[in-house]
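Novice: After the structure tokens below, expect a handful of questions from me.
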Amino acid sequence: MALKIHNLEFNMFGENTYIVWDEATREAMIVDPGMIDPAEQYTLTTFISDRGLKPKYLVNTHMHLDHTFGDEYVMAKYNLPLLAHEAETPFGLNREAQARSFGIRMVIEPLQIDSTLQEGDKLTLGKAEIEILHVPGHSPGSIVLYSPDSQFIIAGDVLFRSSIGRTDLAMGNHEQLIYGIRNKLLTLPDATTVYPGHGSKTTIGYERQYNPYL
């Protein structure tokens with residue numbers, strides 16, 4: 001059975017938080033929770049409770065600030081460990097410095113990754129598997145979540161509609177990002193839906209044909 005996926009847009013960066021679930025078991029995964037205030041937290045928890053979902057995983061595609069604002073809330077609310085690639089550890093630890101670099105004055109605690117994900121790992125929701133692809137370049141530990149059966153990827157800030165992730169931030173690498181997109185994402189079926197970290201969804205086929213960066 002195909003997985004369901006829904007996005008909620010949060011915080012001043014217009015960040016896409018994704019909830020993925022299996023309809024039969026109601027097992028769910030929360031990806032990149034970006035809630036920055038109680039109203040946004042309520043939006044997330046209401047969506048989950050209204051559908052009777054059972055959060056099983058909290059995953060960060062990467063640990064840039066805008067994708068982690070809601071991590072502590074989700075961890076506490078649903079008693080979940082934080083899953084991310086090991087190479088994202090420095091970004092979890094320097095979130096307050098990230099905030100200052102964007103002119104955001106707030107106290108924000110460092111985050112530790114509880115369990116690491118790497119290329120080839122798989123997560124399960126019901127009987128469905130979600131594969132982990134490591135596609136660095138926007139950040140060194142950027143991962144993409146791929147559901148072959150449901151034909152979608154959650155791309156974080158790796159790939160956008162007609163664009164790609166920034167590589168001018170700390171530890172970015174443009175050549176590495178392009179290589180990873182071409183060799184790990186553009187090899188997927190054309191019909192694969194791309195759910196990015198910001199903006200509207202797209203497909204692999206569209207990006208292969210029209211993305212000016214590729």
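Simple scheme: letters A, B, ... for chains in structure tokens order, numbers from 1 for residues in each chain, numbers from 1 for ligands in the order shown.
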For stretch 22-39 of chain A, please output as a list in words all residues within 7 Å (counting only C-alpha atoms; exclusion window: fewer than 3 positions along the same chain).

Specialist: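 Using only C-alpha atoms, the neighbours found are Leu3, Lys4, Phe10, Asn11, Glu15, Thr17, Tyr18, Ile19, Tyr42, Thr43, Gly52, Leu53, Lys54, Pro55, Lys56, Tyr57, Leu58, Val59, Asn60, Thr61, Asp66, His67, Thr68, Phe69, Gly70, Asp71, Leu125 and Gly126 of chain A.
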
Novice: I'd like the contact shell of stretch 192-198 of chain A - 8 Å cut-off, only C-alpha atoms, skipping same-chain residues fewer than 3 positions apart - returned as a list in words.

Specialist: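 Everything that qualifies: Gly14, Glu15, Asn16, Thr17, Gln151, Phe152, Ile153, Ile154, Ala155, Gly156, Asp157, Val158, Leu159, Phe160, Arg161, Leu188, Pro189, Lys201, Thr202, Thr203, Ile204 and Gly205 of chain A.
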
Novice: I need the residues from that last selection saved to file as a short mmCIF file (atom, residue, chain, number, x, y, z; two decimals), in the first residue's frame (with N, CA and C atoms), if you can.

Specialist:
```
data_model
loop_
_atom_site.label_atom_id
_atom_site.label_comp_id
_atom_site.auth_asym_id
_atom_site.auth_seq_id
_atom_site.Cartn_x
_atom_site.Cartn_y
_atom_site.Cartn_z
N GLY A 14 9.91 29.68 5.51
CA GLY A 14 8.99 28.93 4.66
C GLY A 14 9.42 27.49 4.47
N GLU A 15 9.78 26.84 5.56
CA GLU A 15 10.35 25.49 5.52
C GLU A 15 9.24 24.44 5.49
N ASN A 16 9.42 23.43 4.66
CA ASN A 16 8.45 22.34 4.54
C ASN A 16 8.76 21.24 5.55
N THR A 17 7.84 21.04 6.46
CA THR A 17 7.89 19.90 7.38
C THR A 17 6.98 18.81 6.81
N GLN A 151 6.84 6.00 -4.87
CA GLN A 151 7.42 6.84 -5.91
C GLN A 151 7.55 8.30 -5.50
N PHE A 152 8.24 8.51 -4.37
CA PHE A 152 8.55 9.89 -3.99
C PHE A 152 9.89 9.94 -3.26
N ILE A 153 10.48 11.13 -3.27
CA ILE A 153 11.62 11.42 -2.42
C ILE A 153 11.32 12.66 -1.60
N ILE A 154 11.83 12.69 -0.38
CA ILE A 154 11.87 13.91 0.41
C ILE A 154 13.31 14.38 0.32
N ALA A 155 13.50 15.50 -0.37
CA ALA A 155 14.84 15.89 -0.82
C ALA A 155 15.54 16.88 0.09
N GLY A 156 14.89 17.32 1.17
CA GLY A 156 15.53 18.35 1.98
C GLY A 156 15.88 19.55 1.11
N ASP A 157 17.08 20.08 1.30
CA ASP A 157 17.52 21.23 0.49
C ASP A 157 18.50 20.81 -0.60
N VAL A 158 18.41 19.57 -1.05
CA VAL A 158 19.27 19.08 -2.12
C VAL A 158 18.76 19.52 -3.49
N LEU A 159 17.47 19.30 -3.74
CA LEU A 159 16.89 19.55 -5.06
C LEU A 159 15.55 20.26 -4.91
N PHE A 160 15.37 21.33 -5.68
CA PHE A 160 14.13 22.08 -5.70
C PHE A 160 13.55 22.11 -7.11
N ARG A 161 12.34 22.62 -7.24
CA ARG A 161 11.77 22.81 -8.56
C ARG A 161 12.60 23.85 -9.31
N LEU A 188 16.56 8.00 -10.85
CA LEU A 188 15.27 7.46 -10.39
C LEU A 188 14.23 7.61 -11.51
N PRO A 189 13.12 6.88 -11.43
CA PRO A 189 12.09 6.97 -12.48
C PRO A 189 11.56 8.39 -12.63
N LYS A 201 6.31 21.03 -4.88
CA LYS A 201 6.82 19.74 -5.30
C LYS A 201 7.07 19.74 -6.81
N THR A 202 7.82 18.75 -7.26
CA THR A 202 8.15 18.60 -8.67
C THR A 202 8.32 17.12 -8.95
N THR A 203 8.88 16.76 -10.09
CA THR A 203 9.17 15.37 -10.40
C THR A 203 10.59 15.24 -10.92
N ILE A 204 11.13 14.05 -10.83
CA ILE A 204 12.47 13.80 -11.36
C ILE A 204 12.49 14.06 -12.87
N GLY A 205 11.46 13.62 -13.57
CA GLY A 205 11.42 13.83 -15.02
C GLY A 205 11.46 15.30 -15.39
#
```

Novice: Quick one: of A:Ala84, A:Ser147, A:Asn94, A:Glu207, who's nearest to A:Leu117, counting only C-alpha atoms?

Specialist: A:Ala84

Novice: Would you pick out the contacts of A:Gly120 at 9 Å or less, using only C-alpha atoms, so that residues sharing its chain but fewer than 6 positions from it are not included, and give the list as a ChimeraX atom specification?

Specialist: /A:131-134

Novice: Keeping only N, CA and C atoms, write the selected residues as a short mmCIF file (atom, residue, chain, number, x, y, z; two decimals), in the first residue's frame.

Specialist:
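Output file result.cif is given in full below:
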```
data_model
loop_
_atom_site.label_atom_id
_atom_site.label_comp_id
_atom_site.auth_asym_id
_atom_site.auth_seq_id
_atom_site.Cartn_x
_atom_site.Cartn_y
_atom_site.Cartn_z
N GLU A 131 14.19 4.27 1.82
CA GLU A 131 15.63 4.12 1.68
C GLU A 131 16.34 5.46 1.93
N ILE A 132 17.52 5.37 2.51
CA ILE A 132 18.34 6.55 2.77
C ILE A 132 19.38 6.71 1.68
N LEU A 133 19.39 7.88 1.03
CA LEU A 133 20.41 8.23 0.05
C LEU A 133 21.22 9.39 0.61
N HIS A 134 22.53 9.27 0.58
CA HIS A 134 23.41 10.34 1.07
C HIS A 134 23.80 11.20 -0.13
#
```

Novice: Please, what distance in Å, to one decimal, runs between atom CA of A:Pro140 and atom CA of A:Trp21?

Specialist: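 Those two atoms sit 27.5 Å apart.
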
Novice: Among stretch 2-212 of chain A, which residues carry a DSSP assignment of strand (DSSP E or B), reported as an NGL selection string?

Specialist: :A and (4-10 or 15-21 or 27-31 or 54-59 or 82-84 or 115-116 or 122-125 or 128-134 or 143-147 or 152-156 or 159-160 or 163-164 or 193-196 or 198 or 202-203)

Novice: Nearest to A:Gly92: which of A:Gln209, A:Asn79, A:Gln112, A:Gln41 is it, counting only C-alpha atoms?

Specialist: A:Gln112

Novice: Would you pick out the contacts of A:Val107 at 12 Å or less, using only C-alpha atoms, so that residues sharing its chain but fewer than 3 positions from it are not included, and give the list as a PyMOL selection string?

Specialist: chain A and resi 69+94-100+104+110

Novice: Store the residues of this selection in a file with N, CA and C atoms, as a PDB file, in the first residue's frame.

Specialist:
```pdb
ATOM      1  N   PHE A  69      14.085  23.731  14.115  1.00  0.00           N
ATOM      2  CA  PHE A  69      13.438  24.525  15.150  1.00  0.00           C
ATOM      3  C   PHE A  69      12.520  23.670  16.030  1.00  0.00           C
ATOM      4  N   ASN A  94      25.818  23.869  16.680  1.00  0.00           N
ATOM      5  CA  ASN A  94      26.046  25.325  16.548  1.00  0.00           C
ATOM      6  C   ASN A  94      24.798  26.082  16.089  1.00  0.00           C
ATOM      7  N   ARG A  95      23.635  25.617  16.517  1.00  0.00           N
ATOM      8  CA  ARG A  95      22.402  26.245  16.038  1.00  0.00           C
ATOM      9  C   ARG A  95      22.300  27.724  16.428  1.00  0.00           C
ATOM     10  N   GLU A  96      22.789  28.076  17.598  1.00  0.00           N
ATOM     11  CA  GLU A  96      22.695  29.487  17.991  1.00  0.00           C
ATOM     12  C   GLU A  96      23.578  30.359  17.099  1.00  0.00           C
ATOM     13  N   ALA A  97      24.748  29.857  16.724  1.00  0.00           N
ATOM     14  CA  ALA A  97      25.607  30.602  15.794  1.00  0.00           C
ATOM     15  C   ALA A  97      24.941  30.719  14.434  1.00  0.00           C
ATOM     16  N   GLN A  98      24.259  29.666  14.006  1.00  0.00           N
ATOM     17  CA  GLN A  98      23.508  29.748  12.747  1.00  0.00           C
ATOM     18  C   GLN A  98      22.458  30.848  12.830  1.00  0.00           C
ATOM     19  N   ALA A  99      21.753  30.903  13.957  1.00  0.00           N
ATOM     20  CA  ALA A  99      20.713  31.917  14.128  1.00  0.00           C
ATOM     21  C   ALA A  99      21.310  33.319  14.029  1.00  0.00           C
ATOM     22  N   ARG A 100      22.430  33.527  14.684  1.00  0.00           N
ATOM     23  CA  ARG A 100      23.061  34.859  14.662  1.00  0.00           C
ATOM     24  C   ARG A 100      23.473  35.235  13.247  1.00  0.00           C
ATOM     25  N   ILE A 104      19.023  36.426  13.697  1.00  0.00           N
ATOM     26  CA  ILE A 104      17.971  35.957  14.603  1.00  0.00           C
ATOM     27  C   ILE A 104      18.532  35.933  16.014  1.00  0.00           C
ATOM     28  N   PRO A 110      21.956  23.606  21.703  1.00  0.00           N
ATOM     29  CA  PRO A 110      22.548  22.637  20.771  1.00  0.00           C
ATOM     30  C   PRO A 110      21.764  21.332  20.780  1.00  0.00           C
TER      31      PRO A 110
END
```

Novice: So which one's closest to A:Thr89, A:Leu169, A:Val135, A:Leu186, A:Leu111? Using only C-alpha atoms, please.

Specialist: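 Closest to A:Thr89, using only C-alpha atoms: A:Leu111.
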
Novice: What is the atom CA of A:Glu119-atom CA of A:Gly172 distance in Å, reported with one decimal?

Specialist: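 So the two atoms, atom CA of A:Glu119 and atom CA of A:Gly172, lie 18.8 Å apart.
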
Novice: Between atom CA of A:His6 and atom CA of A:Leu123, what is the distance in Å, rounded to a tenth?

Specialist: 17.9 Å

Novice: Under the rule that only C-alpha atoms are counted, which of A:Ile113, A:Leu44, A:Ala76, A:Leu177 is the nearest residue to A:Met63?

Specialist: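 Among the listed residues, A:Ile113 lies closest to A:Met63.
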
Novice: From a DSSP pass on the backbone, collect the residues of chain A flagged as alpha helix (DSSP H) and hand them back as a ChimeraX atom specification.

Specialist: /A:38-50,71-78,89-93,95-101,174-180,204-210

Novice: Tell me which of A:Tyr78, A:Tyr146, A:Phe91, A:Phe13 sits closest to A:Thr45, counting only C-alpha atoms.

Specialist: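 Checking each candidate against A:Thr45, we get A:Tyr78 as the closest.
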
Novice: Here is a test: counting only C-alpha atoms, which residue of A:Ile143, A:Ile5, A:Met12, A:Tyr210 is nearest to A:Gly103?

Specialist: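 Looking only at the distances to A:Gly103, the closest residue turns out to be A:Met12.
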